[in-house]
Amino acid sequence: MIQPKDSVFLTDLYEFSMAYTYFKEKRHEEIVYFDMFTRKIPNKGGYLIFNGLSKLIEAINNFKFRQEHIDYLKTQGFDDPEFLDYLLNMDLNIDVWAVEDGTVVFQNEPLVTVRGTVIEAQLIETILLLSINYSTLVTTKASRIVNAARGRTVLEFGARRAHGFDASLDGARAAIIAGAVGTSHTLAGHKYGAYVAGTMAHSFIQLHDNELDAFMTYARNNPDNSVFLVDTYDTLKSGIPNAIKVAKEYLEPNGYRLKAIRLDSGDLAYLSKEARRMLDASGLQDCKIMASNSLDEYLIDDLIYQGAAIDQFGVGENLITSKSEPVLGGVYKLVAQERDGAIIPKIKVSENIEKITNPGHKRLYRFYDNASEKALADYVALADEIIPTDEITIFDPVAPWKKKTLTNYQVRELQVPIFVNGKCVYTLPHLDDIAVYSKRELETMWDEVKRLHYPHQYYVDLSQKLYDLKLSLLHDINENK
């Protein structure tokens, strides 16, 4: 696992190459602004759940060059004593604004904004993207799974399939934020206070002379947590009958109940309905049915559509790896530079329209309808703009003739200060509080935005001033050609 003291090397080498060049050109003290954002939402989804502040804060707090780092940079060709001394004595003095973990966000809006010297801002690029991209991706995937379950319990079971130790822990945390009730990951329980669940594997049953003995042995030693895995041999002819037998002959006579059975293979819809019939006929109406086995939001949606009698879903590899689309293409782009006390906007131009950036130091707002308390649109404006609180006309920046006048609304700024002059000024909430906040966030979104298939496109609009600035810069660049 990566040590906190090595956070300075969570950086692509070209950041050091650029930093060295800025230093030699005596531009290293210039103040710049960068935005982190994403151009699209994975899985053709309607929203993202932002996550990763805890990792980012930890990495920035530990960002300090040591002699061992300087010695390594020498081996990579950076042998200028003045530059290396500058790095060794550098303390990050950056300002960072970000939306909070658990916030519903969308494409093309600034999620994190960094202000600092050009070297500071460049050297934390990879750290920032590492912190936000994976965590946001998996939190969003987990949210889609929880939404597909339609109120049924979701547990995160992905530790053994995660892409490494850190990913297993971050993925479990992401799932809890998104609404999963608990995780199988013991370290997540220890570190975050998350609910941890788990009973038996097929090997436990195989190591007994027969399935009935395995269930009975487990029940005697874990009477308050009897959840039996019933598909080792034959689900309907062996597993469920043996689970019922143990419930009737041992658990109930001793004052306990069979909590649940777990299905881990086969036709889950059919098996769950048959299992429910058998359990109910035996007076075990309170016994839950859990399903696992490579589940994702699409399969869960189909199972519920087919009337599956499943109360709980254990979701592993498809959640922890976001297998259907395993990358969030979050980017980090220069948007402004300070010169003689003025903020000079910068823009990146591309032949791909979606890659043209929104220039300038900006702020991100959300409008809420007072009557329904639902989110109406997000609004990106320049930092010096004052947002009206009584009436505003917004427009689609891709199709600016599409306009809408809002009244009777509340407006909220989404980014909050995280670092000021290099000092962390933000207190990260407890995991449970982030999960509650994220649930409230989703409740402000219309169901159409959260739809699994062909979701409604939520509006992210630019202020007129920002839109005009963008067009002006594009015009100037075209004229200069």
# chains A, B, ... in the order shown; residues from 1 in each chain; ligands from 1

call {"tool": "select_by_dssp", "arguments": {"residues": "stretch 328-447 of chain A", "states": "helix (DSSP H, G or I)", "output": "PyMOL selection string"}}
result
chain A and resi 353-355+431-443+447

call {"tool": "write_last_selection", "arguments": {"atoms": "N, CA, C and O atoms", "output": "compact mmCIF listing (two decimals), in the first residue's frame"}}
result
# COMPACT_ATOMS: atom_id res chain seq x y z
N ILE A 353 -15.75 19.41 -30.18
CA ILE A 353 -16.43 20.49 -29.46
C ILE A 353 -16.48 20.22 -27.96
O ILE A 353 -16.31 21.13 -27.14
N GLU A 354 -16.71 18.95 -27.57
CA GLU A 354 -16.85 18.63 -26.16
C GLU A 354 -15.55 18.84 -25.39
O GLU A 354 -15.56 18.88 -24.15
N LYS A 355 -14.43 18.98 -26.09
CA LYS A 355 -13.15 19.18 -25.41
C LYS A 355 -12.78 20.65 -25.27
O LYS A 355 -11.73 20.96 -24.69
N LEU A 431 -18.78 8.89 7.81
CA LEU A 431 -19.31 8.15 6.67
C LEU A 431 -20.83 8.07 6.69
O LEU A 431 -21.50 8.25 5.65
N ASP A 432 -21.41 7.80 7.84
CA ASP A 432 -22.88 7.72 7.93
C ASP A 432 -23.54 9.04 7.55
O ASP A 432 -24.59 9.06 6.89
N ASP A 433 -22.93 10.15 7.96
CA ASP A 433 -23.49 11.46 7.64
C ASP A 433 -23.39 11.75 6.14
O ASP A 433 -24.30 12.35 5.55
N ILE A 434 -22.30 11.31 5.52
CA ILE A 434 -22.16 11.50 4.08
C ILE A 434 -23.22 10.69 3.35
O ILE A 434 -23.82 11.15 2.37
N ALA A 435 -23.48 9.46 3.82
CA ALA A 435 -24.50 8.61 3.20
C ALA A 435 -25.88 9.23 3.31
O ALA A 435 -26.67 9.22 2.35
N VAL A 436 -26.20 9.80 4.47
CA VAL A 436 -27.50 10.46 4.65
C VAL A 436 -27.61 11.67 3.73
O VAL A 436 -28.63 11.91 3.09
N TYR A 437 -26.53 12.45 3.66
CA TYR A 437 -26.50 13.62 2.78
C TYR A 437 -26.70 13.22 1.33
O TYR A 437 -27.46 13.85 0.58
N SER A 438 -26.01 12.15 0.90
CA SER A 438 -26.12 11.72 -0.49
C SER A 438 -27.53 11.24 -0.81
O SER A 438 -28.06 11.49 -1.91
N LYS A 439 -28.16 10.58 0.14
CA LYS A 439 -29.55 10.15 -0.07
C LYS A 439 -30.47 11.35 -0.26
O LYS A 439 -31.34 11.36 -1.14
N ARG A 440 -30.26 12.39 0.56
CA ARG A 440 -31.06 13.61 0.41
C ARG A 440 -30.80 14.26 -0.94
O ARG A 440 -31.72 14.79 -1.58
N GLU A 441 -29.54 14.24 -1.35
CA GLU A 441 -29.18 14.81 -2.65
C GLU A 441 -29.96 14.13 -3.78
O GLU A 441 -30.52 14.79 -4.66
N LEU A 442 -29.99 12.81 -3.75
CA LEU A 442 -30.70 12.07 -4.81
C LEU A 442 -32.19 12.34 -4.78
O LEU A 442 -32.86 12.34 -5.81
N GLU A 443 -32.72 12.57 -3.58
CA GLU A 443 -34.15 12.85 -3.46
C GLU A 443 -34.52 14.17 -4.11
O GLU A 443 -35.69 14.40 -4.45
N ASP A 447 -37.11 11.67 -10.85
CA ASP A 447 -36.91 10.26 -11.16
C ASP A 447 -36.40 10.05 -12.58
O ASP A 447 -35.65 9.11 -12.85

call {"tool": "residues_around", "arguments": {"residues": "A:Ala383", "least_positions_apart": "2", "cutoff": "7 Å", "atoms": "only C-alpha atoms", "output": "NGL selection string"}}
result
:A and (361-363 or 381 or 385)

call {"tool": "residues_around", "arguments": {"residues": "A:Ser7", "least_positions_apart": "4", "cutoff": "12 Å", "atoms": "only C-alpha atoms", "output": "NGL selection string"}}
result
:A and (1-3 or 11-12 or 55-66 or 69 or 123-128 or 130-131)

call {"tool": "atom_distance", "arguments": {"atom1": "atom CA of A:Gly116", "atom2": "atom CA of A:Thr357"}}
result
19.5 Å

call {"tool": "residues_around", "arguments": {"residues": "A:Leu73", "least_positions_apart": "6", "cutoff": "12 Å", "atoms": "only C-alpha atoms", "output": "short mmCIF file (atom, residue, chain, number, x, y, z; two decimals) with N, CA, C and O atoms, in the first residue's frame"}}
result
data_model
loop_
_atom_site.label_atom_id
_atom_site.label_comp_id
_atom_site.auth_asym_id
_atom_site.auth_seq_id
_atom_site.Cartn_x
_atom_site.Cartn_y
_atom_site.Cartn_z
N VAL A 8 4.04 12.88 -2.78
CA VAL A 8 4.66 13.77 -3.77
C VAL A 8 5.00 13.03 -5.06
O VAL A 8 5.16 13.65 -6.12
N PHE A 9 5.13 11.71 -4.98
CA PHE A 9 5.44 10.92 -6.17
C PHE A 9 4.19 10.28 -6.79
O PHE A 9 4.31 9.49 -7.73
N LEU A 13 5.55 11.83 -14.44
CA LEU A 13 6.88 12.45 -14.55
C LEU A 13 6.85 13.76 -15.33
O LEU A 13 7.64 14.67 -15.05
N PHE A 16 7.00 16.98 -13.41
CA PHE A 16 8.31 17.45 -12.98
C PHE A 16 9.06 18.12 -14.13
O PHE A 16 9.76 19.11 -13.91
N SER A 17 8.90 17.57 -15.33
CA SER A 17 9.56 18.19 -16.50
C SER A 17 9.04 19.60 -16.72
O SER A 17 9.82 20.54 -16.97
N TYR A 20 10.23 21.92 -13.81
CA TYR A 20 11.63 22.33 -13.98
C TYR A 20 11.75 23.45 -15.01
O TYR A 20 12.49 24.43 -14.81
N PHE A 65 8.23 17.11 0.13
CA PHE A 65 9.42 16.44 -0.40
C PHE A 65 10.40 16.15 0.72
O PHE A 65 10.64 16.98 1.60
N ARG A 66 10.99 14.94 0.66
CA ARG A 66 12.04 14.53 1.57
C ARG A 66 13.31 14.26 0.78
O ARG A 66 13.27 14.14 -0.44
N GLN A 67 14.41 14.11 1.48
CA GLN A 67 15.69 13.93 0.79
C GLN A 67 15.68 12.69 -0.10
O GLN A 67 16.28 12.68 -1.18
N ASP A 79 19.02 17.37 -12.09
CA ASP A 79 20.23 17.53 -11.29
C ASP A 79 20.58 18.98 -11.00
O ASP A 79 21.69 19.29 -10.59
N ASP A 80 19.60 19.88 -11.22
CA ASP A 80 19.83 21.30 -10.93
C ASP A 80 19.68 21.53 -9.43
O ASP A 80 18.58 21.37 -8.88
N PRO A 81 20.75 21.89 -8.72
CA PRO A 81 20.66 22.04 -7.26
C PRO A 81 19.62 23.05 -6.81
O PRO A 81 18.95 22.85 -5.79
N PHE A 83 16.81 23.97 -8.33
CA PHE A 83 15.46 23.41 -8.52
C PHE A 83 15.16 22.38 -7.44
O PHE A 83 14.08 22.39 -6.82
N LEU A 84 16.11 21.50 -7.17
CA LEU A 84 15.88 20.47 -6.17
C LEU A 84 15.74 21.07 -4.78
O LEU A 84 14.92 20.60 -3.96
N ASP A 85 16.50 22.10 -4.50
CA ASP A 85 16.38 22.79 -3.21
C ASP A 85 15.02 23.47 -3.08
O ASP A 85 14.42 23.49 -2.00
N LEU A 87 12.22 22.42 -4.45
CA LEU A 87 11.25 21.37 -4.14
C LEU A 87 11.35 20.94 -2.69
O LEU A 87 10.33 20.76 -2.00
N LEU A 88 12.58 20.75 -2.20
CA LEU A 88 12.78 20.26 -0.84
C LEU A 88 12.19 21.21 0.19
O LEU A 88 11.70 20.77 1.24
#
